[in-house]
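A.B. asks: Just one file: entry00.txt, with compact mmCIF, N, CA and C atoms.
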```txt
# COMPACT_ATOMS: atom_id res chain seq x y z
N MET A 714 -44.25 0.46 26.42
CA MET A 714 -43.48 -0.53 27.16
C MET A 714 -42.00 -0.27 26.94
N MET A 715 -41.24 -0.72 27.91
CA MET A 715 -39.80 -0.52 27.87
C MET A 715 -39.11 -1.88 27.82
N ARG A 716 -38.04 -1.97 27.11
CA ARG A 716 -37.26 -3.20 27.03
C ARG A 716 -36.14 -3.14 28.05
N VAL A 717 -35.95 -4.25 28.79
CA VAL A 717 -34.93 -4.34 29.83
C VAL A 717 -34.17 -5.65 29.64
N THR A 718 -32.87 -5.59 29.80
CA THR A 718 -32.05 -6.80 29.72
C THR A 718 -31.56 -7.14 31.12
N VAL A 719 -31.73 -8.39 31.50
CA VAL A 719 -31.25 -8.85 32.81
C VAL A 719 -30.43 -10.12 32.62
N HIS A 720 -29.55 -10.35 33.55
CA HIS A 720 -28.73 -11.56 33.53
C HIS A 720 -29.16 -12.41 34.71
N ILE A 721 -29.62 -13.63 34.43
CA ILE A 721 -30.09 -14.53 35.48
C ILE A 721 -29.46 -15.90 35.27
N PRO A 722 -29.36 -16.67 36.34
CA PRO A 722 -28.83 -18.03 36.20
C PRO A 722 -29.74 -18.87 35.28
N GLU A 723 -29.14 -19.80 34.60
CA GLU A 723 -29.90 -20.65 33.67
C GLU A 723 -31.02 -21.39 34.39
N SER A 724 -30.76 -21.83 35.61
CA SER A 724 -31.79 -22.56 36.36
C SER A 724 -33.02 -21.68 36.62
N VAL A 725 -32.80 -20.40 36.91
CA VAL A 725 -33.92 -19.47 37.13
C VAL A 725 -34.66 -19.26 35.82
N ASN A 726 -33.92 -19.10 34.74
CA ASN A 726 -34.53 -18.95 33.43
C ASN A 726 -35.43 -20.14 33.11
N ASN A 727 -34.94 -21.34 33.40
CA ASN A 727 -35.74 -22.54 33.13
C ASN A 727 -37.02 -22.55 33.96
N GLU A 728 -36.91 -22.16 35.23
CA GLU A 728 -38.09 -22.11 36.09
C GLU A 728 -39.09 -21.07 35.60
N ILE A 729 -38.59 -19.92 35.19
CA ILE A 729 -39.47 -18.86 34.68
C ILE A 729 -40.21 -19.35 33.44
N ARG A 730 -39.49 -19.96 32.52
CA ARG A 730 -40.11 -20.44 31.28
C ARG A 730 -41.16 -21.52 31.58
N ARG A 731 -40.84 -22.40 32.50
CA ARG A 731 -41.78 -23.46 32.88
C ARG A 731 -43.05 -22.87 33.51
N ALA A 732 -42.85 -21.94 34.45
CA ALA A 732 -43.99 -21.33 35.13
C ALA A 732 -44.84 -20.49 34.16
N ALA A 733 -44.19 -19.74 33.29
CA ALA A 733 -44.92 -18.93 32.31
C ALA A 733 -45.73 -19.84 31.38
N GLY A 734 -45.12 -20.95 30.97
CA GLY A 734 -45.83 -21.89 30.11
C GLY A 734 -47.05 -22.47 30.79
N LYS A 735 -46.93 -22.83 32.06
CA LYS A 735 -48.07 -23.38 32.82
C LYS A 735 -49.21 -22.38 32.88
N GLU A 736 -48.86 -21.10 32.98
CA GLU A 736 -49.89 -20.06 33.07
C GLU A 736 -50.29 -19.53 31.70
N LYS A 737 -49.72 -20.13 30.65
CA LYS A 737 -50.01 -19.73 29.27
C LYS A 737 -49.77 -18.22 29.07
N LYS A 738 -48.62 -17.77 29.58
CA LYS A 738 -48.22 -16.37 29.44
C LYS A 738 -46.86 -16.32 28.77
N SER A 739 -46.57 -15.18 28.18
CA SER A 739 -45.23 -14.98 27.64
C SER A 739 -44.28 -14.79 28.82
N VAL A 740 -43.01 -15.06 28.59
CA VAL A 740 -42.00 -14.85 29.63
C VAL A 740 -42.00 -13.37 30.03
N SER A 741 -42.13 -12.50 29.06
CA SER A 741 -42.14 -11.06 29.34
C SER A 741 -43.28 -10.68 30.27
N SER A 742 -44.50 -11.12 29.98
CA SER A 742 -45.63 -10.75 30.83
C SER A 742 -45.53 -11.42 32.20
N PHE A 743 -44.98 -12.65 32.23
CA PHE A 743 -44.80 -13.35 33.50
C PHE A 743 -43.83 -12.58 34.40
N ILE A 744 -42.70 -12.14 33.84
CA ILE A 744 -41.71 -11.41 34.63
C ILE A 744 -42.26 -10.04 35.05
N ALA A 745 -42.99 -9.36 34.17
CA ALA A 745 -43.58 -8.07 34.53
C ALA A 745 -44.55 -8.24 35.69
N GLU A 746 -45.36 -9.27 35.63
CA GLU A 746 -46.32 -9.54 36.71
C GLU A 746 -45.58 -9.88 38.01
N ALA A 747 -44.53 -10.69 37.91
CA ALA A 747 -43.74 -11.06 39.09
C ALA A 747 -43.09 -9.83 39.72
N ALA A 748 -42.59 -8.93 38.89
CA ALA A 748 -41.96 -7.71 39.40
C ALA A 748 -42.98 -6.83 40.10
N LYS A 749 -44.17 -6.68 39.51
CA LYS A 749 -45.23 -5.89 40.15
C LYS A 749 -45.62 -6.50 41.49
N TYR A 750 -45.74 -7.82 41.52
CA TYR A 750 -46.10 -8.53 42.75
C TYR A 750 -45.02 -8.30 43.82
N TYR A 751 -43.76 -8.42 43.44
CA TYR A 751 -42.65 -8.23 44.37
C TYR A 751 -42.68 -6.82 44.96
N ILE A 752 -42.86 -5.83 44.11
CA ILE A 752 -42.88 -4.44 44.57
C ILE A 752 -44.06 -4.21 45.51
N ARG A 753 -45.23 -4.71 45.14
CA ARG A 753 -46.42 -4.56 45.97
C ARG A 753 -46.22 -5.22 47.34
N GLU A 754 -45.69 -6.44 47.36
CA GLU A 754 -45.48 -7.16 48.61
C GLU A 754 -44.42 -6.50 49.48
N LYS A 755 -43.38 -6.00 48.85
CA LYS A 755 -42.32 -5.31 49.60
C LYS A 755 -42.90 -4.06 50.27
N ARG A 756 -43.69 -3.32 49.53
CA ARG A 756 -44.33 -2.12 50.08
C ARG A 756 -45.28 -2.50 51.22
N ARG A 757 -46.04 -3.58 51.04
CA ARG A 757 -46.97 -4.05 52.06
C ARG A 757 -46.22 -4.39 53.35
N ARG A 758 -45.12 -5.09 53.20
CA ARG A 758 -44.32 -5.47 54.38
C ARG A 758 -43.74 -4.24 55.08
N GLU A 759 -43.25 -3.30 54.28
CA GLU A 759 -42.69 -2.08 54.87
C GLU A 759 -43.75 -1.31 55.64
N LEU A 760 -44.96 -1.21 55.06
CA LEU A 760 -46.05 -0.54 55.76
C LEU A 760 -46.43 -1.31 57.02
N GLY A 761 -46.42 -2.62 56.94
CA GLY A 761 -46.73 -3.45 58.10
C GLY A 761 -45.73 -3.22 59.22
N LEU A 762 -44.45 -3.09 58.86
CA LEU A 762 -43.43 -2.82 59.87
C LEU A 762 -43.62 -1.44 60.51
N LYS A 763 -44.05 -0.47 59.70
CA LYS A 763 -44.33 0.85 60.25
C LYS A 763 -45.50 0.78 61.23
N VAL A 764 -46.52 0.02 60.88
CA VAL A 764 -47.67 -0.14 61.77
C VAL A 764 -47.23 -0.80 63.07
N LEU A 765 -46.41 -1.84 62.96
CA LEU A 765 -45.93 -2.51 64.16
C LEU A 765 -45.07 -1.58 65.01
N ALA A 766 -44.26 -0.75 64.37
CA ALA A 766 -43.44 0.20 65.11
C ALA A 766 -44.33 1.20 65.85
N LEU A 767 -45.37 1.66 65.17
CA LEU A 767 -46.32 2.57 65.83
C LEU A 767 -47.06 1.85 66.94
N ALA A 768 -47.42 0.61 66.68
CA ALA A 768 -48.13 -0.17 67.69
C ALA A 768 -47.27 -0.35 68.92
N GLY A 769 -45.97 -0.44 68.74
CA GLY A 769 -45.06 -0.59 69.86
C GLY A 769 -45.03 0.64 70.76
N LYS A 770 -45.51 1.75 70.24
CA LYS A 770 -45.53 2.99 71.02
C LYS A 770 -46.82 3.13 71.83
N THR A 771 -47.77 2.25 71.57
CA THR A 771 -49.02 2.27 72.32
C THR A 771 -49.24 0.90 72.93
N LYS A 772 -50.16 0.83 73.84
CA LYS A 772 -50.44 -0.45 74.50
C LYS A 772 -51.44 -1.23 73.66
N ILE A 773 -50.98 -2.39 73.15
CA ILE A 773 -51.82 -3.27 72.34
C ILE A 773 -51.74 -4.66 72.95
N SER A 774 -52.85 -5.33 72.97
CA SER A 774 -52.84 -6.66 73.58
C SER A 774 -51.96 -7.61 72.77
N GLY A 775 -51.37 -8.57 73.46
CA GLY A 775 -50.54 -9.58 72.81
C GLY A 775 -51.32 -10.37 71.79
N ASP A 776 -52.63 -10.54 72.05
CA ASP A 776 -53.47 -11.28 71.10
C ASP A 776 -53.53 -10.57 69.75
N ALA A 777 -53.62 -9.25 69.77
CA ALA A 777 -53.70 -8.49 68.52
C ALA A 777 -52.43 -8.67 67.70
N LEU A 778 -51.29 -8.59 68.36
CA LEU A 778 -50.03 -8.76 67.64
C LEU A 778 -49.88 -10.19 67.14
N ARG A 779 -50.30 -11.17 67.94
CA ARG A 779 -50.22 -12.56 67.52
C ARG A 779 -51.10 -12.81 66.29
N HIS A 780 -52.30 -12.25 66.30
CA HIS A 780 -53.20 -12.40 65.14
C HIS A 780 -52.61 -11.74 63.90
N LEU A 781 -51.98 -10.60 64.07
CA LEU A 781 -51.34 -9.92 62.94
C LEU A 781 -50.25 -10.79 62.35
N GLU A 782 -49.40 -11.34 63.21
CA GLU A 782 -48.31 -12.20 62.72
C GLU A 782 -48.85 -13.47 62.08
N GLU A 783 -49.87 -14.07 62.66
CA GLU A 783 -50.47 -15.28 62.07
C GLU A 783 -51.04 -14.98 60.69
N GLY A 784 -51.68 -13.82 60.56
CA GLY A 784 -52.23 -13.42 59.26
C GLY A 784 -51.14 -13.24 58.23
N ARG A 785 -50.04 -12.66 58.66
CA ARG A 785 -48.91 -12.49 57.73
C ARG A 785 -48.36 -13.83 57.30
N GLU A 786 -48.13 -14.72 58.27
CA GLU A 786 -47.58 -16.03 57.94
C GLU A 786 -48.50 -16.78 56.99
N GLU A 787 -49.79 -16.68 57.25
CA GLU A 787 -50.78 -17.35 56.39
C GLU A 787 -50.74 -16.78 54.98
N HIS A 788 -50.60 -15.46 54.88
CA HIS A 788 -50.56 -14.80 53.57
C HIS A 788 -49.30 -15.15 52.81
N ASP A 789 -48.19 -15.38 53.54
CA ASP A 789 -46.90 -15.64 52.89
C ASP A 789 -46.73 -17.07 52.44
N ARG A 790 -47.60 -17.96 52.85
CA ARG A 790 -47.47 -19.37 52.43
C ARG A 790 -47.78 -19.50 50.96
N PRO A 791 -47.02 -20.37 50.27
CA PRO A 791 -47.28 -20.56 48.82
C PRO A 791 -48.57 -21.29 48.57
```
Just give me the structure as structure tokens.

C.D. replies:
Amino acid sequence: MMRVTVHIPESVNNEIRRAAGKEKKSVSSFIAEAAKYYIREKRRRELGLKVLALAGKTKISGDALRHLEEGREEHDRP
């Protein structure tokens, strides 16, 4: 494992500590998990945009695109 120092606002620190406590995790493991999740989701969105760009080059029904967007919105809800 590697040690990293970050500077965050006190309010964010408080939220992180509260959330980590609720999940019975250390702050370190909570932040590591959050970073992995962020990277995975960012990659997923980028790939989704590539798919949509490719889809724009072919004829796809409006229903297919609408379902894709609805699925994304549903996935992004907390």

A.B. asks: Give, as AutoDock Vina command-line options, the centre coordinates and the x, y and z edge lengths in Å to one decimal for an axis-aligned box around all listed atoms of range 752-771 of chain A, padded by 5 Å on each side.

C.D. replies:
```
--center_x -45.8 --center_y -2.0 --center_z 58.5 --size_x 16.9 --size_y 20.3 --size_z 38.8
```

A.B. asks: State, in Å with one decimal place, the distance from atom C of Lys763 in chain A to atom C of Tyr750 in chain A.

C.D. replies: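 A separation of 19.6 Å between them.
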
A.B. asks: May I have all residues of chain A that DSSP, computed from the backbone, assigns to helix (DSSP H, G or I), given as number ranges by chain?

C.D. replies: A: 723-735, 740-768, 775-789

A.B. asks: Hey, can you check how far CA of Lys755 in chain A sits from atom C of Lys735 in chain A?

C.D. replies: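 It comes out at 24.9 Å.
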